[in-house]
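Undergrad: Starting off with a structure, shown below.
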Amino acid sequence: MDSQKDALQRIIATLANKNEELQNFIETLNHTFGRVQDNSTQVVSDLEEEFDTLYSILDEMKESMTNTIKQESVRKSHELQNQLTQSTNALESAEELLEFANNALHIADDEEFTKAAKQIKDRVTMAPAFRLTMKPKATDNMTHLMVDFSKERQLLQGLKFLPVPRAPEIVLGDCLVIDNEVTITWRILEDSKIDHYILEYRKTNHEGLPRVKDEQCWEVLDNIKTSEYTLQGLRFDTKFMNFRVRACNKAAAGDYSDPVTLETRAFNFGFDSTSSHLNLKVEDRSVEWDPQGGKGVDSKVKGKENKGSAHFTNLKNMSRSGTPSPKRTSVTRSPAPRGARDRFTGESYTVLGDTSIESGQHYWEVKPQKDCKSYSVGLAYRNLGKFDQLGKTNTTWCIHVNNWLQNSFAAKHNNKAKNLDVPVPDSIGVYCDFDRGQLSFYNAENKQLLHTFKVRFTQPVVPAFMVWCGGLTLSTGLQIPSAVRSFQKTENGLGGSNSSISQQDPSVACDICFYDKLPSVDSSLMP
C-alpha cells in the first residue's frame, strides 16, 4: 500500500511538473503570437517609411535635375538671343554702308569721290559685321543632360529583405560560474559577417527554460565583439540566471539563441533587526552604533540571564528532514525571536543574521568603517543569552578587533583569546563548512588565511556580529572564492593563523588549530 502511494505521489509530482512546463510553453506561444502581430505591423510601417524616404529622394533628385536642365536652357537661350541681336544690328549697319558705297560710285567730282571713298573705308574698318564671330555661342544639343536609370532600375528591381544572421548557439559546456563571475561562450553556425553580438541576462528563481512572465527584466549588453563575455562583480541573490544572445551585422539583428539557465546559488542573508541591541541602528546589510538608540527606553533588565532555550524553536523542528541535495544551499530563515528589539542588552552590542546555517559550505564578507573602535565577526548558536558577548561563551566563535585604548586582533571562543600576528584587513571574509565543522576567516582582498576554528556543530548556527562606536557593512550573495576553496582542499580543513592562500609557509602550515591551545574546551565541540 505504501509503495503504491509513493508511486502515485511520484506520478502526481511528474504530472504537476509537466503541467507547469506546458503552462509556461503556452504562455510563451501566446507571447510569441502577439509579438508576431506587433512585429509585422512594425516592419510594414518601417517598409513604408523606407519607400517614402526613397520616393522623397527621387522627387528631390528629379526637381534638382529638372532645375539644371531649365538653367541650361535659359543660359543657351540668353547666349543665342544676344548673338542674334548683335548680328541683326550688324546686318542693318552693313546694308546701310553698302547702299552708301553704291551711291558713291556715281559721284562725278573727284574730290567728293575721294572724300566719300575714305569715309566708306573707315566705316568698313569699324563695321560690326566684320567684328562678329560667325559661330553660334551655344548649340541646340541637350543630350549632356540626359540620364540613364538602367543601373538604378536594376538595383530597385533587385531589392530584397536584409540578410539576417542566424541565431548563435550558447556552448553550455564552456560556460563558467565562479567567483561571482559568469562567463558565457557561444558560436555562430554560419560564416557570415557579424559586426557584433547582443547578450541579455536576467536573474530568476525558476529552474529550466526562462518564463515569459518573470519578476526580473532582461538586462542588455550591446556591442560585444567576441563570442565570449564575462559578467563580473555579480551578487548572486537568486538561484539561477537566464542568458540569451543574438548576432548583428551592419544591417540587422538576428534571432535569439536558445536560452540557457545557469545555477547561481549563494548564501544570502541580512541583519536581523529584531535580535539587535537597542544601541545598534540596523538595516538589511549594514549595522551602525547609535549611542542615542536606547535613550528614553527603560533598558534596565531584571532577573538573571536566561540561559535556557525557552525562547527558541526546538532543534528538532529547526532541522531539515532527510539529507539535503548537495546542490541546494541549506539555510533557514529564522523566525523573529521573542524579546523584540532589545533581544541583546547590557554590553552585548550584538546583532545576528536572519538566516540559519544547517549544512553545506557558505561564505560572506564584512567591511568595518575606518574609524570603528571595536567589532567582532563570527558564528553563534541561536540560544545565545541576551547578556552574552561573542567569543566569551562556548556557543560563539569569532575574531575580534579592538582599536580603542589598546589595539588588539584576536580569535576568541569560550572566553579564550589567541592573538593574531597579522595586519587587520580592510575587509574580512568568513567561510563556514558546517558539515566538516570548520569556521575560517580570511583577508577578503588577498585571501590570506587569518584563523580557523574546528568545531563539531550540534545545532544550526547563525552569523553573529558585535559593533561598538562604528559600523559594519555586510556583503552576501557571494560564492566561495576559488582561492579559498582550493586552499580548503589542500589543507583538508586545517589552516594557520598566518598562512596565505598564494604562498604557504610549511613551518606554520600545521601550527594552528585553536583548540590545541585550549585544553579546557568542551570535548563535545571537538571534531
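Please note that chains go A, B, ... in the order of the C-alpha cells, that every chain numbers its residues from 1, and that ligands are numbered from 1 in the order shown.
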As a ChimeraX atom specification, which residues of region 147-305 of chain A does DSSP assign to strand (DSSP E or B)?

TA: /A:169-170,176-178,181-187,196-204,219-224,228-231,240-248,253-256,260-263,267,271,280-282,286-289

Undergrad: Here is a test: counting only C-alpha atoms, which residue of A:Ile178, A:Val282, A:Ala138, A:Leu439 is nearest to Val74 (chain A)?

TA: A:Ala138

Undergrad: Looking at A:Arg285, A:Asn205, A:Ala7, A:Glu200, which one is nearest to Glu219 (chain A), with distances taken over only C-alpha atoms?

TA: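 Nearest to Glu219 (chain A): A:Glu200.
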
Undergrad: Just want the 12 Å neighbourhood of region 66-72 of chain A, counted on only C-alpha atoms, with same-chain residues fewer than 3 positions away dropped. Output as a list in words.

TA: Leu58, Asp59, Glu60, Met61, Lys62, Glu63, Arg75, Lys76, Ser77, His78, Glu79, Ala138, Thr139, Asp140, Asn141, Met142, Thr143, His144, Leu145, Met146 and Val147 of chain A

Undergrad: Within 9 Å of Ile107 (chain A), counting only C-alpha atoms, which residues qualify if same-chain residues fewer than 5 places away don't, as a tab-separated table (two decimals) with C-alpha atoms, in the first residue's frame?

TA:
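Everything below was put into result.tsv:
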chain	number	residue	atom	x	y	z
A	112	GLU	CA	33.95	114.50	-103.46
A	113	PHE	CA	34.51	110.93	-104.66
A	116	ALA	CA	33.32	109.52	-99.88

Undergrad: Which residue is closest to Asn403 (chain A)? Choose from A:Phe487, A:Phe344, A:Phe240, A:Trp468 and count only C-alpha atoms.

TA: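 Answer, going by the shortest atom-to-atom distance: A:Trp468.
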
Undergrad: I'd like the neighbourhood of Ser87 (chain A) as a list in words, where a residue qualifies if any of its atoms comes within 9 Å (using only C-alpha atoms), though same-chain residues fewer than 6 positions away should be ignored.

TA: Pro128, Ala129, Leu132 and Met134 of chain A

Undergrad: Name the residues in contact with Ser227 (chain A) at a cut-off of 8 Å, using only C-alpha atoms, excluding same-chain residues fewer than 4 positions from it; report them as an mmCIF file with N, CA, C and O atoms, in the first residue's frame.

TA:
data_model
loop_
_atom_site.group_PDB
_atom_site.id
_atom_site.type_symbol
_atom_site.label_atom_id
_atom_site.label_comp_id
_atom_site.auth_asym_id
_atom_site.auth_seq_id
_atom_site.Cartn_x
_atom_site.Cartn_y
_atom_site.Cartn_z
ATOM 1 N N THR A 185 29.854 31.565 -23.363
ATOM 2 C CA THR A 185 30.530 31.300 -24.638
ATOM 3 C C THR A 185 29.498 30.813 -25.645
ATOM 4 O O THR A 185 28.612 30.019 -25.301
ATOM 5 N N TRP A 186 29.615 31.301 -26.883
ATOM 6 C CA TRP A 186 28.672 30.883 -27.925
ATOM 7 C C TRP A 186 29.405 30.744 -29.250
ATOM 8 O O TRP A 186 30.554 31.154 -29.407
ATOM 9 N N ARG A 187 28.719 30.155 -30.218
ATOM 10 C CA ARG A 187 29.278 30.026 -31.560
ATOM 11 C C ARG A 187 28.177 30.324 -32.568
ATOM 12 O O ARG A 187 26.984 30.147 -32.296
ATOM 13 N N TYR A 197 27.624 41.315 -31.200
ATOM 14 C CA TYR A 197 26.612 40.484 -30.550
ATOM 15 C C TYR A 197 25.917 41.282 -29.453
ATOM 16 O O TYR A 197 26.462 42.238 -28.903
#

Undergrad: Rounded to one decimal, what separation in Å do you get between CA of Lys18 (chain A) and CA of Leu172 (chain A)?

TA: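 Separation of CA of Lys18 (chain A) and CA of Leu172 (chain A): 23.8 Å.
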
Undergrad: As an exercise, work out the distance from CA of Asp388 (chain A) to CA of Lys367 (chain A) in Å and give it to one decimal place.

TA: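 Calculated distance between CA of Asp388 (chain A) and CA of Lys367 (chain A) is 23.2 Å.
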
Undergrad: I'd like the interatomic distance between CA of Lys373 (chain A) and CA of Trp289 (chain A), to a tenth of an Å.

TA: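 Pair CA of Lys373 (chain A) / CA of Trp289 (chain A) returns 10.1 Å.
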
Undergrad: Looking at A:Glu228, A:Glu50, A:Glu445, A:Glu20, which one is nearest to Leu199 (chain A), with distances taken over only C-alpha atoms?

TA: A:Glu228

Undergrad: Need to verify the contact set: Ile188 (chain A), 10 Å, only C-alpha atoms, exclusion of same-chain residues closer than 3 positions in sequence. Can you return it as an mmCIF file with N, CA, C and O atoms, in the first residue's frame?

TA:
data_model
loop_
_atom_site.group_PDB
_atom_site.id
_atom_site.type_symbol
_atom_site.label_atom_id
_atom_site.label_comp_id
_atom_site.auth_asym_id
_atom_site.auth_seq_id
_atom_site.Cartn_x
_atom_site.Cartn_y
_atom_site.Cartn_z
ATOM 1 N N PRO A 165 21.559 37.512 -39.668
ATOM 2 C CA PRO A 165 22.394 36.417 -39.155
ATOM 3 C C PRO A 165 21.550 35.352 -38.469
ATOM 4 O O PRO A 165 20.500 35.641 -37.885
ATOM 5 N N ARG A 166 22.018 34.142 -38.541
ATOM 6 C CA ARG A 166 21.345 33.070 -37.829
ATOM 7 C C ARG A 166 21.557 33.227 -36.320
ATOM 8 O O ARG A 166 22.443 33.935 -35.869
ATOM 9 N N ALA A 167 20.718 32.531 -35.583
ATOM 10 C CA ALA A 167 20.837 32.584 -34.127
ATOM 11 C C ALA A 167 22.094 31.852 -33.678
ATOM 12 O O ALA A 167 22.375 30.746 -34.148
ATOM 13 N N PRO A 168 22.867 32.447 -32.789
ATOM 14 C CA PRO A 168 24.040 31.742 -32.253
ATOM 15 C C PRO A 168 23.608 30.565 -31.378
ATOM 16 O O PRO A 168 22.433 30.414 -31.027
ATOM 17 N N GLU A 169 24.562 29.767 -31.016
ATOM 18 C CA GLU A 169 24.324 28.643 -30.109
ATOM 19 C C GLU A 169 25.235 28.809 -28.893
ATOM 20 O O GLU A 169 26.459 28.866 -29.023
ATOM 21 N N ILE A 170 24.639 28.903 -27.711
ATOM 22 C CA ILE A 170 25.421 29.011 -26.486
ATOM 23 C C ILE A 170 26.002 27.637 -26.153
ATOM 24 O O ILE A 170 25.283 26.640 -26.096
ATOM 25 N N ASP A 191 29.275 31.123 -41.727
ATOM 26 C CA ASP A 191 30.418 32.020 -41.934
ATOM 27 C C ASP A 191 29.903 33.347 -42.474
ATOM 28 O O ASP A 191 30.095 33.696 -43.634
ATOM 29 N N SER A 192 29.232 34.077 -41.638
ATOM 30 C CA SER A 192 28.657 35.357 -42.051
ATOM 31 C C SER A 192 29.443 36.501 -41.425
ATOM 32 O O SER A 192 30.187 36.316 -40.463
ATOM 33 N N ILE A 194 29.630 39.030 -39.122
ATOM 34 C CA ILE A 194 28.985 39.500 -37.901
ATOM 35 C C ILE A 194 29.706 40.755 -37.418
ATOM 36 O O ILE A 194 30.930 40.767 -37.277
ATOM 37 N N SER A 227 32.955 36.187 -29.250
ATOM 38 C CA SER A 227 31.922 35.185 -28.971
ATOM 39 C C SER A 227 32.041 34.659 -27.541
ATOM 40 O O SER A 227 31.682 33.509 -27.268
ATOM 41 N N ARG A 246 22.184 37.206 -29.382
ATOM 42 C CA ARG A 246 21.801 37.340 -30.791
ATOM 43 C C ARG A 246 22.949 38.010 -31.543
ATOM 44 O O ARG A 246 23.706 38.796 -30.961
ATOM 45 N N ALA A 247 23.063 37.669 -32.823
ATOM 46 C CA ALA A 247 24.126 38.229 -33.664
ATOM 47 C C ALA A 247 23.572 39.376 -34.493
ATOM 48 O O ALA A 247 22.408 39.378 -34.891
ATOM 49 N N SER A 257 19.416 33.216 -29.518
ATOM 50 C CA SER A 257 19.784 31.824 -29.316
ATOM 51 C C SER A 257 18.773 31.168 -28.386
ATOM 52 O O SER A 257 17.975 31.841 -27.721
#

Undergrad: So, with only C-alpha atoms as the atoms that count, which of A:Met126, A:Leu352, A:Leu472, A:Ala464 lies closest to Lys370 (chain A)?

TA: A:Leu472
